[in-house]
file work.pdb (PDB, C-alpha atoms and all ligand atoms)
ATOM      1  CA  MET D   1       0.000   0.000   0.000
ATOM      2  CA  ALA D   2       1.495   3.302  -1.108
ATOM      3  CA  GLY D   3       0.574   5.028   2.162
ATOM      4  CA  GLU D   4       2.855   2.597   4.014
ATOM      5  CA  ASN D   5       5.785   2.685   1.611
ATOM      6  CA  PRO D   6       8.397   5.243   2.637
ATOM      7  CA  ASN D   7      10.034   4.973  -0.777
ATOM      8  CA  PHE D   8       6.878   5.739  -2.709
ATOM      9  CA  GLN D   9       8.200   9.264  -3.250
ATOM     10  CA  ASN D  10      10.623   7.928  -5.841
ATOM     11  CA  THR D  11       8.037   6.132  -7.930
ATOM     12  CA  ASP D  12       6.197   7.350 -10.975
ATOM     13  CA  PRO D  13       3.772   9.145 -10.902
ATOM     14  CA  PRO D  14       5.179  11.457  -8.242
ATOM     15  CA  THR D  15       3.521  11.614  -4.839
ATOM     16  CA  VAL D  16       1.667  14.727  -3.760
ATOM     17  CA  LEU D  17       0.280  15.062  -0.263
ATOM     18  CA  VAL D  18      -3.190  16.595  -0.110
ATOM     19  CA  HIS D  19      -4.063  19.085   2.605
ATOM     20  CA  ARG D  20      -7.753  19.966   2.967
ATOM     21  CA  PHE D  21     -10.720  20.257   5.302
ATOM     22  CA  PRO D  22     -13.012  17.196   5.023
ATOM     23  CA  SER D  23     -15.748  19.525   3.755
ATOM     24  CA  PHE D  24     -13.550  20.860   0.927
ATOM     25  CA  ASP D  25     -13.370  18.286  -1.823
ATOM     26  CA  PHE D  26     -11.588  18.314  -5.163
ATOM     27  CA  PRO D  27     -13.262  20.261  -7.929
ATOM     28  CA  PRO D  28     -15.644  18.089  -9.966
ATOM     29  CA  GLY D  29     -13.968  16.034 -12.742
ATOM     30  CA  ASN D  30     -10.670  15.695 -10.870
ATOM     31  CA  ARG D  31      -7.910  15.154 -13.471
ATOM     32  CA  LEU D  32      -5.084  15.428 -10.947
ATOM     33  CA  SER D  33      -5.282  11.845  -9.774
ATOM     34  CA  THR D  34      -4.495  10.545 -13.266
ATOM     35  CA  GLN D  35      -1.186  12.448 -13.280
ATOM     36  CA  PHE D  36      -0.004  12.258  -9.672
ATOM     37  CA  HIS D  37      -0.213   9.840  -6.806
ATOM     38  CA  LEU D  38      -2.407  11.887  -4.481
ATOM     39  CA  LEU D  39      -2.027  10.950  -0.872
ATOM     40  CA  ASP D  40      -5.144  12.266   0.826
ATOM     41  CA  PRO D  41      -5.183  11.701   4.602
ATOM     42  CA  ILE D  42      -8.956  12.246   4.594
ATOM     43  CA  THR D  43      -9.624   9.224   2.382
ATOM     44  CA  SER D  44      -6.426   7.119   2.746
ATOM     45  CA  PRO D  45      -5.294   5.178   5.786
ATOM     46  CA  PRO D  46      -3.164   7.175   8.247
ATOM     47  CA  THR D  47       0.016   8.406   6.579
ATOM     48  CA  SER D  48       3.173   7.093   8.242
ATOM     49  CA  PRO D  49       5.540   9.694   9.719
ATOM     50  CA  VAL D  50       8.329   8.144   7.604
ATOM     51  CA  LEU D  51       6.400   8.859   4.429
ATOM     52  CA  LEU D  52       5.537  12.372   5.600
ATOM     53  CA  HIS D  53       9.257  12.971   6.069
ATOM     54  CA  SER D  54       9.835  12.277   2.376
ATOM     55  CA  ILE D  55       6.995  14.436   0.977
ATOM     56  CA  ARG D  56       8.251  17.188  -1.340
ATOM     57  CA  ALA D  57       4.966  18.557  -2.693
ATOM     58  CA  LEU D  58       1.818  19.605  -0.831
ATOM     59  CA  LEU D  59      -1.456  20.356  -2.590
ATOM     60  CA  CYS D  60      -3.660  22.681  -0.565
ATOM     61  CA  ILE D  61      -7.330  22.451  -1.456
ATOM     62  CA  GLY D  62      -9.281  25.480  -0.273
ATOM     63  CA  PRO D  63      -8.423  27.770   2.623
ATOM     64  CA  VAL D  64      -7.014  25.156   5.020
ATOM     65  CA  PRO D  65      -4.274  26.809   7.111
ATOM     66  CA  VAL D  66      -0.613  25.965   6.556
ATOM     67  CA  THR D  67       1.128  26.780   9.823
ATOM     68  CA  PRO D  68       4.658  26.216  11.135
ATOM     69  CA  GLU D  69       3.246  23.064  12.824
ATOM     70  CA  THR D  70       2.035  21.763   9.447
ATOM     71  CA  LEU D  71       5.495  22.404   8.013
ATOM     72  CA  ASN D  72       7.305  20.781  10.949
ATOM     73  CA  ARG D  73       5.714  17.456   9.994
ATOM     74  CA  LEU D  74       7.052  17.804   6.428
ATOM     75  CA  PRO D  75      10.808  18.415   6.669
ATOM     76  CA  SER D  76      11.468  17.608   2.972
ATOM     77  CA  LEU D  77       8.733  19.907   1.651
ATOM     78  CA  GLN D  78       9.801  22.063  -1.296
ATOM     79  CA  ILE D  79       6.543  23.294  -2.773
ATOM     80  CA  ILE D  80       3.001  24.150  -1.703
ATOM     81  CA  VAL D  81       0.581  24.268  -4.591
ATOM     82  CA  GLY D  82      -2.459  26.311  -3.587
ATOM     83  CA  SER D  83      -5.875  26.033  -5.205
ATOM     84  CA  SER D  84      -7.053  29.558  -4.497
ATOM     85  CA  ALA D  85      -6.083  32.981  -5.742
ATOM     86  CA  GLY D  86      -5.589  34.253  -2.189
ATOM     87  CA  VAL D  87      -2.924  32.571  -0.066
ATOM     88  CA  ASP D  88      -3.602  34.293   3.258
ATOM     89  CA  HIS D  89      -4.160  30.848   4.835
ATOM     90  CA  ILE D  90      -0.519  29.928   4.146
ATOM     91  CA  ASP D  91       2.239  31.221   6.407
ATOM     92  CA  LEU D  92       4.313  32.785   3.625
ATOM     93  CA  THR D  93       6.979  34.166   5.940
ATOM     94  CA  GLU D  94       7.635  30.696   7.309
ATOM     95  CA  CYS D  95       7.656  29.234   3.788
ATOM     96  CA  ARG D  96      10.222  31.811   2.693
ATOM     97  CA  ARG D  97      12.333  31.075   5.748
ATOM     98  CA  ARG D  98      12.298  27.360   4.893
ATOM     99  CA  ASN D  99      12.787  28.009   1.177
ATOM    100  CA  ILE D 100       9.475  26.404   0.244
ATOM    101  CA  ALA D 101       7.955  27.684  -3.007
ATOM    102  CA  VAL D 102       4.245  28.582  -3.025
ATOM    103  CA  THR D 103       1.963  28.769  -6.036
ATOM    104  CA  ASN D 104      -1.624  29.979  -6.293
ATOM    105  CA  ALA D 105      -4.479  29.685  -8.787
ATOM    106  CA  GLY D 106      -2.743  32.240 -11.013
ATOM    107  CA  SER D 107      -5.277  33.829 -13.333
ATOM    108  CA  ALA D 108      -7.600  30.782 -13.421
ATOM    109  CA  PHE D 109     -10.316  32.633 -11.507
ATOM    110  CA  SER D 110      -9.664  36.194 -12.644
ATOM    111  CA  GLU D 111     -12.273  36.530 -15.383
ATOM    112  CA  ASP D 112     -15.088  34.941 -13.398
ATOM    113  CA  THR D 113     -14.240  36.972 -10.315
ATOM    114  CA  ALA D 114     -14.117  40.188 -12.340
ATOM    115  CA  ASP D 115     -17.481  39.348 -13.938
ATOM    116  CA  TYR D 116     -18.860  38.814 -10.476
ATOM    117  CA  ALA D 117     -17.548  42.153  -9.197
ATOM    118  CA  VAL D 118     -19.325  43.865 -12.089
ATOM    119  CA  ALA D 119     -22.491  41.871 -11.360
ATOM    120  CA  LEU D 120     -22.391  42.917  -7.701
ATOM    121  CA  LEU D 121     -21.911  46.525  -8.750
ATOM    122  CA  PHE D 122     -24.878  46.329 -11.116
ATOM    123  CA  GLY D 123     -26.827  44.637  -8.361
ATOM    124  CA  VAL D 124     -26.186  47.527  -5.988
ATOM    125  CA  LEU D 125     -26.544  50.427  -8.442
ATOM    126  CA  ARG D 126     -29.605  49.116 -10.282
ATOM    127  CA  ARG D 127     -30.997  47.385  -7.166
ATOM    128  CA  LEU D 128     -31.420  44.061  -8.955
ATOM    129  CA  PRO D 129     -31.940  41.755  -5.933
ATOM    130  CA  ALA D 130     -34.224  44.346  -4.312
ATOM    131  CA  GLY D 131     -36.279  44.600  -7.529
ATOM    132  CA  ASP D 132     -36.512  40.825  -7.700
ATOM    133  CA  ARG D 133     -37.815  40.722  -4.125
ATOM    134  CA  TYR D 134     -40.250  43.556  -4.930
ATOM    135  CA  VAL D 135     -41.826  41.510  -7.713
ATOM    136  CA  ARG D 136     -41.808  38.162  -5.915
ATOM    137  CA  ASP D 137     -43.238  39.581  -2.706
ATOM    138  CA  GLY D 138     -46.165  41.126  -4.624
ATOM    139  CA  PHE D 139     -45.308  44.785  -3.903
ATOM    140  CA  TRP D 140     -45.424  45.938  -7.543
ATOM    141  CA  PRO D 141     -49.223  45.911  -8.010
ATOM    142  CA  VAL D 142     -49.708  47.376  -4.535
ATOM    143  CA  ASN D 143     -46.966  50.025  -4.237
ATOM    144  CA  GLY D 144     -46.451  50.863  -7.928
ATOM    145  CA  ASP D 145     -43.171  51.638  -9.608
ATOM    146  CA  PHE D 146     -39.871  50.632  -8.058
ATOM    147  CA  PRO D 147     -37.468  53.429  -6.965
ATOM    148  CA  LEU D 148     -34.865  54.687  -9.450
ATOM    149  CA  GLY D 149     -31.461  53.050  -9.640
ATOM    150  CA  PHE D 150     -28.125  54.649 -10.560
ATOM    151  CA  LYS D 151     -26.342  54.612 -13.906
ATOM    152  CA  LEU D 152     -23.112  52.619 -14.133
ATOM    153  CA  GLY D 153     -21.585  54.457 -17.106
ATOM    154  CA  ALA D 154     -19.304  57.399 -16.235
ATOM    155  CA  LYS D 155     -18.850  56.296 -12.636
ATOM    156  CA  ARG D 156     -15.353  56.886 -11.264
ATOM    157  CA  VAL D 157     -14.149  53.440 -10.247
ATOM    158  CA  GLY D 158     -11.223  53.001  -7.874
ATOM    159  CA  ILE D 159      -9.647  49.558  -7.896
ATOM    160  CA  LEU D 160      -7.766  48.415  -4.829
ATOM    161  CA  GLY D 161      -5.239  45.905  -6.131
ATOM    162  CA  LEU D 162      -4.594  45.986  -9.868
ATOM    163  CA  GLY D 163      -3.412  42.385 -10.144
ATOM    164  CA  SER D 164      -4.872  39.758 -12.386
ATOM    165  CA  ILE D 165      -8.444  40.179 -11.071
ATOM    166  CA  GLY D 166      -8.263  43.970 -10.772
ATOM    167  CA  SER D 167      -7.020  44.281 -14.356
ATOM    168  CA  GLU D 168      -9.973  42.232 -15.625
ATOM    169  CA  VAL D 169     -12.347  44.417 -13.592
ATOM    170  CA  ALA D 170     -10.765  47.509 -15.145
ATOM    171  CA  LYS D 171     -11.145  46.119 -18.663
ATOM    172  CA  ARG D 172     -14.850  45.389 -18.112
ATOM    173  CA  LEU D 173     -15.778  48.650 -16.416
ATOM    174  CA  ALA D 174     -13.826  50.754 -18.911
ATOM    175  CA  ALA D 175     -16.027  49.146 -21.585
ATOM    176  CA  PHE D 176     -19.101  50.376 -19.652
ATOM    177  CA  GLY D 177     -17.762  53.936 -19.870
ATOM    178  CA  CYS D 178     -16.421  54.175 -16.311
ATOM    179  CA  SER D 179     -13.174  55.975 -15.570
ATOM    180  CA  ILE D 180     -10.625  53.812 -13.779
ATOM    181  CA  ALA D 181      -7.979  54.626 -11.183
ATOM    182  CA  TYR D 182      -6.125  52.314  -8.823
ATOM    183  CA  PHE D 183      -3.983  51.767  -5.796
ATOM    184  CA  SER D 184      -1.645  48.764  -5.695
ATOM    185  CA  ARG D 185       1.460  47.761  -3.797
ATOM    186  CA  LYS D 186       3.438  49.377  -6.594
ATOM    187  CA  LYS D 187       2.628  51.753  -9.449
ATOM    188  CA  LYS D 188       2.500  49.727 -12.667
ATOM    189  CA  THR D 189       4.682  51.223 -15.338
ATOM    190  CA  SER D 190       2.738  49.440 -18.089
ATOM    191  CA  VAL D 191      -0.645  50.860 -16.989
ATOM    192  CA  LEU D 192      -2.016  54.254 -18.003
ATOM    193  CA  PHE D 193      -4.819  54.481 -15.410
ATOM    194  CA  PRO D 194      -4.178  57.119 -12.736
ATOM    195  CA  TYR D 195      -2.409  55.722  -9.682
ATOM    196  CA  TYR D 196      -3.028  56.956  -6.137
ATOM    197  CA  GLU D 197      -0.460  56.557  -3.402
ATOM    198  CA  ASN D 198      -2.946  55.252  -0.852
ATOM    199  CA  ALA D 199      -6.495  53.967  -0.428
ATOM    200  CA  ILE D 200      -7.815  57.228   1.073
ATOM    201  CA  ASP D 201      -6.754  59.343  -1.915
ATOM    202  CA  LEU D 202      -8.149  56.729  -4.281
ATOM    203  CA  ALA D 203     -11.480  56.714  -2.419
ATOM    204  CA  ALA D 204     -11.647  60.520  -2.357
ATOM    205  CA  ASN D 205     -11.508  60.474  -6.161
ATOM    206  CA  SER D 206     -13.907  57.557  -6.728
ATOM    207  CA  ASP D 207     -17.650  56.859  -6.697
ATOM    208  CA  VAL D 208     -17.092  53.127  -6.410
ATOM    209  CA  LEU D 209     -14.307  51.192  -4.697
ATOM    210  CA  ILE D 210     -13.660  47.655  -5.881
ATOM    211  CA  VAL D 211     -11.596  45.622  -3.447
ATOM    212  CA  CYS D 212      -9.618  42.814  -5.043
ATOM    213  CA  CYS D 213      -6.173  42.899  -3.462
ATOM    214  CA  ALA D 214      -4.422  40.138  -1.515
ATOM    215  CA  LEU D 215      -4.981  39.970   2.226
ATOM    216  CA  ASN D 216      -1.815  40.384   4.289
ATOM    217  CA  ASP D 217      -0.564  42.430   7.229
ATOM    218  CA  GLU D 218      -0.401  45.601   5.115
ATOM    219  CA  THR D 219      -3.871  45.259   3.610
ATOM    220  CA  HIS D 220      -5.833  44.081   6.656
ATOM    221  CA  HIS D 221      -8.689  46.652   7.050
ATOM    222  CA  ILE D 222      -7.284  48.671   4.165
ATOM    223  CA  VAL D 223     -10.844  49.918   3.734
ATOM    224  CA  ASN D 224     -11.208  51.570   7.108
ATOM    225  CA  LYS D 225     -13.261  54.427   8.514
ATOM    226  CA  ASP D 226     -11.092  57.086   6.835
ATOM    227  CA  VAL D 227     -11.466  55.419   3.443
ATOM    228  CA  MET D 228     -15.247  55.254   3.911
ATOM    229  CA  VAL D 229     -15.398  58.937   4.848
ATOM    230  CA  ALA D 230     -13.321  59.764   1.758
ATOM    231  CA  LEU D 231     -15.599  57.697  -0.481
ATOM    232  CA  GLY D 232     -18.597  59.650   0.739
ATOM    233  CA  LYS D 233     -22.344  59.263   1.204
ATOM    234  CA  GLU D 234     -23.086  58.057  -2.318
ATOM    235  CA  GLY D 235     -20.056  55.772  -2.468
ATOM    236  CA  VAL D 236     -20.315  52.058  -3.149
ATOM    237  CA  ILE D 237     -17.906  49.366  -1.930
ATOM    238  CA  ILE D 238     -17.590  46.044  -3.742
ATOM    239  CA  ASN D 239     -15.488  43.332  -2.081
ATOM    240  CA  VAL D 240     -14.493  40.194  -4.001
ATOM    241  CA  GLY D 241     -11.131  39.830  -2.204
ATOM    242  CA  ARG D 242     -11.228  38.763   1.429
ATOM    243  CA  GLY D 243     -13.543  39.871   4.239
ATOM    244  CA  PRO D 244     -10.835  41.354   6.499
ATOM    245  CA  LEU D 245      -9.749  43.784   3.767
ATOM    246  CA  VAL D 246     -12.752  45.859   4.872
ATOM    247  CA  ASP D 247     -13.406  46.915   8.459
ATOM    248  CA  GLU D 248     -16.819  45.250   8.532
ATOM    249  CA  LYS D 249     -17.960  46.770  11.811
ATOM    250  CA  GLN D 250     -17.344  50.243  10.388
ATOM    251  CA  LEU D 251     -18.943  49.294   7.095
ATOM    252  CA  VAL D 252     -22.130  48.236   8.888
ATOM    253  CA  GLU D 253     -22.183  51.469  10.884
ATOM    254  CA  PHE D 254     -21.635  53.638   7.809
ATOM    255  CA  LEU D 255     -24.419  51.832   5.930
ATOM    256  CA  VAL D 256     -26.836  51.996   8.858
ATOM    257  CA  ARG D 257     -26.177  55.752   9.302
ATOM    258  CA  GLY D 258     -26.629  56.347   5.560
ATOM    259  CA  GLU D 259     -23.005  57.485   5.187
ATOM    260  CA  LEU D 260     -22.311  55.128   2.285
ATOM    261  CA  GLY D 261     -24.436  54.534  -0.805
ATOM    262  CA  GLY D 262     -24.247  50.736  -0.775
ATOM    263  CA  ALA D 263     -22.109  47.617  -0.829
ATOM    264  CA  GLY D 264     -21.790  44.409  -2.803
ATOM    265  CA  LEU D 265     -20.057  41.735  -0.741
ATOM    266  CA  ASP D 266     -18.944  38.253  -1.713
ATOM    267  CA  VAL D 267     -16.680  37.918   1.335
ATOM    268  CA  PHE D 268     -17.037  38.651   5.041
ATOM    269  CA  GLU D 269     -14.846  38.905   8.112
ATOM    270  CA  ASN D 270     -16.402  35.921   9.871
ATOM    271  CA  GLU D 271     -17.670  33.688   7.066
ATOM    272  CA  PRO D 272     -20.189  32.139   6.784
ATOM    273  CA  ASN D 273     -21.653  34.573   9.298
ATOM    274  CA  VAL D 274     -22.964  37.862   7.935
ATOM    275  CA  PRO D 275     -23.803  40.841  10.166
ATOM    276  CA  LYS D 276     -27.561  40.801  10.641
ATOM    277  CA  GLU D 277     -27.849  44.562  10.018
ATOM    278  CA  LEU D 278     -26.864  43.889   6.405
ATOM    279  CA  LEU D 279     -29.634  41.363   5.816
ATOM    280  CA  GLU D 280     -32.399  43.925   5.783
ATOM    281  CA  ARG D 281     -30.729  46.556   3.612
ATOM    282  CA  ASP D 282     -31.824  46.951  -0.011
ATOM    283  CA  ASN D 283     -28.639  48.862  -0.902
ATOM    284  CA  VAL D 284     -26.493  45.856   0.006
ATOM    285  CA  VAL D 285     -26.043  42.789  -2.188
ATOM    286  CA  LEU D 286     -24.829  39.700  -0.346
ATOM    287  CA  SER D 287     -23.186  36.632  -1.811
ATOM    288  CA  PRO D 288     -21.726  33.446  -0.229
ATOM    289  CA  HIS D 289     -18.055  33.703  -1.296
ATOM    290  CA  CYS D 290     -18.643  32.205  -4.719
ATOM    291  CA  SER D 291     -17.237  34.683  -7.234
ATOM    292  CA  VAL D 292     -14.802  32.021  -8.505
ATOM    293  CA  ALA D 293     -17.273  29.175  -8.573
ATOM    294  CA  THR D 294     -17.922  28.089 -12.153
ATOM    295  CA  PRO D 295     -17.059  24.789 -13.821
ATOM    296  CA  GLU D 296     -14.939  26.766 -16.290
ATOM    297  CA  SER D 297     -12.867  28.306 -13.470
ATOM    298  CA  PHE D 298     -12.344  24.923 -11.842
ATOM    299  CA  GLU D 299     -11.203  23.413 -15.142
ATOM    300  CA  ALA D 300      -8.714  26.259 -15.556
ATOM    301  CA  LEU D 301      -7.593  25.752 -11.949
ATOM    302  CA  GLN D 302      -6.757  22.109 -12.601
ATOM    303  CA  ASP D 303      -4.644  23.151 -15.591
ATOM    304  CA  VAL D 304      -2.684  25.548 -13.371
ATOM    305  CA  ILE D 305      -2.212  22.992 -10.587
ATOM    306  CA  ILE D 306      -1.076  20.294 -12.997
ATOM    307  CA  ALA D 307       1.278  22.690 -14.783
ATOM    308  CA  ASN D 308       2.840  23.814 -11.486
ATOM    309  CA  LEU D 309       3.328  20.270 -10.219
ATOM    310  CA  LYS D 310       4.762  19.080 -13.529
ATOM    311  CA  ALA D 311       7.118  22.060 -13.617
ATOM    312  CA  PHE D 312       8.228  21.349 -10.072
ATOM    313  CA  PHE D 313       8.877  17.642 -10.629
ATOM    314  CA  SER D 314      10.853  18.371 -13.797
ATOM    315  CA  ASN D 315      12.821  21.320 -12.367
ATOM    316  CA  LYS D 316      11.212  23.853 -14.687
ATOM    317  CA  PRO D 317      10.016  27.380 -13.747
ATOM    318  CA  LEU D 318       6.710  27.382 -11.889
ATOM    319  CA  VAL D 319       3.636  28.699 -13.689
ATOM    320  CA  SER D 320       2.092  30.820 -10.921
ATOM    321  CA  PRO D 321       4.596  31.388  -8.127
ATOM    322  CA  VAL D 322       3.370  33.697  -5.390
ATOM    323  CA  GLN D 323       5.482  36.808  -5.763
ATOM    324  CA  LYS D 324       8.071  37.467  -3.133
ATOM    325  CA  ASP D 325       7.966  41.062  -1.867
TER     326      ASP D 325
HETATM  327  O1  LIG H   1     -11.603  33.154  -2.776
HETATM  328  C1  LIG H   1     -11.157  32.466  -3.623
HETATM  329  C2  LIG H   1      -9.777  32.423  -3.993
HETATM  330  O2  LIG H   1      -8.939  33.078  -3.344
HETATM  331  O3  LIG H   1      -9.465  31.718  -4.953
END

call {"tool": "encode", "arguments": {"input": "work.pdb", "output": "structure tokens"}}
result
Amino acid sequence: MAGENPNFQNTDPPTVLVHRFPSFDFPPGNRLSTQFHLLDPITSPPTSPVLLHSIRALLCIGPVPVTPETLNRLPSLQIIVGSSAGVDHIDLTECRRRNIAVTNAGSAFSEDTADYAVALLFGVLRRLPAGDRYVRDGFWPVNGDFPLGFKLGAKRVGILGLGSIGSEVAKRLAAFGCSIAYFSRKKKTSVLFPYYENAIDLAANSDVLIVCCALNDETHHIVNKDVMVALGKEGVIINVGRGPLVDEKQLVEFLVRGELGGAGLDVFENEPNVPKELLERDNVVLSPHCSVATPESFEALQDVIIANLKAFFSNKPLVSPVQKD
């Protein structure tokens, strides 16, 4: 049995240890198991410590944490292949210290996530979910016409994080006639959109803020009270990144006091829990962290994972290494 064979690492196909929560399964139509020997502690018999000592590649499915304790059990580990765009669940500092490479989903999810950000923005500005409820709940014949929405075209859109997702958002919203500006870790020399040095200045010059940057120590609560004040009473916040990028307590207070125009949220600080104050607000569109979830995205993800693992096992450059700062 492979799980008991400490030398399995040297056989073909190469062994990859799977790291996941029991509730997080492989994407449908898993092609990985035809190319690699996947050792999945959730479905295989207990993995022997000897075998763990020889593991070189770890495949992380979903947001399962990779901590120093995880790494201590895997002294030969050289690569962690992540299945998400965000890698805030992986201790990158510790990986760097141990010289372990980390890869993410690359651009596999970028188009679907950008589409979703635009959909959330439409949902907020044109009140789509609220209009749907209005019709279903029978208010139309009783109360008459539904309140006006807001036009998307010509809005000033500020993008927080002009990476692979942010760039796709920019492309889409520019096509709708919006003007685009951004704040990122670094100004991009290849990009002509105006760059602001910080999130407050970006917000002060935007009608809409789209949050799609990576979550790390620098970006935690990057959308804070000051950014919300700068965005102003009509301002809209869309978050398709990670919940803790936005100070959710402040966001709720601003929305309740009418000091923000609305929000479209796919992610939350304490998922799957959503602040109850948001549930009753028609200017807020809520979504269960699913901007990436299409069969097409998951197919593309498998391509990226397979390409990274193949590159690793044949000593070629990785396809989507997480950038070192
Ligand atoms: O949230 C999803 C991802 O980071 O891929």

call {"tool": "closest_residue", "arguments": {"input": "work.pdb", "among": "D:Thr93, D:Asn198, D:Gln78, D:Ser206", "to": "Leu309 in chain D", "atoms": "only C-alpha atoms"}}
result
D:Gln78

call {"tool": "resolve_selection", "arguments": {"input": "work.pdb", "expression": "the PyMOL selection byres (((chain D and resi 171-186) around 9) and not hetatm)", "output": "MDAnalysis selection string"}}
result
chainID D and resid 114:115 118 152:163 166:170 187:188 193:199 201:202 205:206 213

call {"tool": "axis_aligned_box", "arguments": {"input": "work.pdb", "around": "range 127-135 of chain D", "padding_each_side": "6 Å", "output": "AutoDock Vina command-line options"}}
result
--center_x -36.4 --center_y 44.1 --center_z -6.5 --size_x 22.8 --size_y 18.7 --size_z 16.8

call {"tool": "resolve_selection", "arguments": {"input": "work.pdb", "expression": "the PyMOL selection byres (((not hetatm)) within 7 of (chain H and resi 1))", "output": "PDB file with C-alpha atoms, keeping the file's coordinate frame"}}
result
ATOM      1  CA  SER D  83      -5.875  26.033  -5.205  1.00  0.00           C
ATOM      2  CA  SER D  84      -7.053  29.558  -4.497  1.00  0.00           C
ATOM      3  CA  ALA D  85      -6.083  32.981  -5.742  1.00  0.00           C
ATOM      4  CA  GLY D  86      -5.589  34.253  -2.189  1.00  0.00           C
ATOM      5  CA  VAL D  87      -2.924  32.571  -0.066  1.00  0.00           C
ATOM      6  CA  ALA D 105      -4.479  29.685  -8.787  1.00  0.00           C
ATOM      7  CA  PHE D 109     -10.316  32.633 -11.507  1.00  0.00           C
ATOM      8  CA  GLY D 241     -11.131  39.830  -2.204  1.00  0.00           C
ATOM      9  CA  HIS D 289     -18.055  33.703  -1.296  1.00  0.00           C
ATOM     10  CA  VAL D 292     -14.802  32.021  -8.505  1.00  0.00           C
TER      11      VAL D 292
END

call {"tool": "closest_atom_pairs", "arguments": {"input": "work.pdb", "of": "range 39-131 of chain D", "to": "range 231-240 of chain D", "cutoff": "8 Å", "atoms": "only C-alpha atoms", "output": "Markdown table"}}
result
| residue | atom | partner | partner_atom | distance |
| --- | --- | --- | --- | --- |
| D:Thr113 | CA | D:Val240 | CA | 7.1 |
| D:Tyr116 | CA | D:Val240 | CA | 7.9 |
| D:Ala117 | CA | D:Val240 | CA | 6.3 |
| D:Leu120 | CA | D:Ile238 | CA | 7.0 |
| D:Leu121 | CA | D:Ile238 | CA | 6.6 |
| D:Val124 | CA | D:Val236 | CA | 7.9 |

call {"tool": "atom_distance", "arguments": {"input": "work.pdb", "atom1": "CA of Val229 in chain D", "atom2": "CA of Pro147 in chain D"}}
result
25.6 Å

call {"tool": "atom_distance", "arguments": {"input": "work.pdb", "atom1": "CA of Val81 in chain D", "atom2": "CA of Phe313 in chain D"}}
result
12.2 Å

call {"tool": "closest_residue", "arguments": {"input": "work.pdb", "among": "D:Leu52, D:Ile165, D:Val322, D:Ile222", "to": "Ala108 in chain D", "atoms": "only C-alpha atoms"}}
result
D:Ile165

call {"tool": "resolve_selection", "arguments": {"input": "work.pdb", "expression": "the PyMOL selection byres (((chain D and resi 308) around 9) and not hetatm)", "output": "PyMOL selection string"}}
result
chain D and resi 81+103+303-307+309-313+316-321

call {"tool": "residues_around", "arguments": {"input": "work.pdb", "residues": "His19 in chain D", "least_positions_apart": "5", "cutoff": "7 Å", "atoms": "all atoms listed in the file", "output": "list in words"}}
result
Leu58, Leu59, Cys60 and Ile61 of chain D
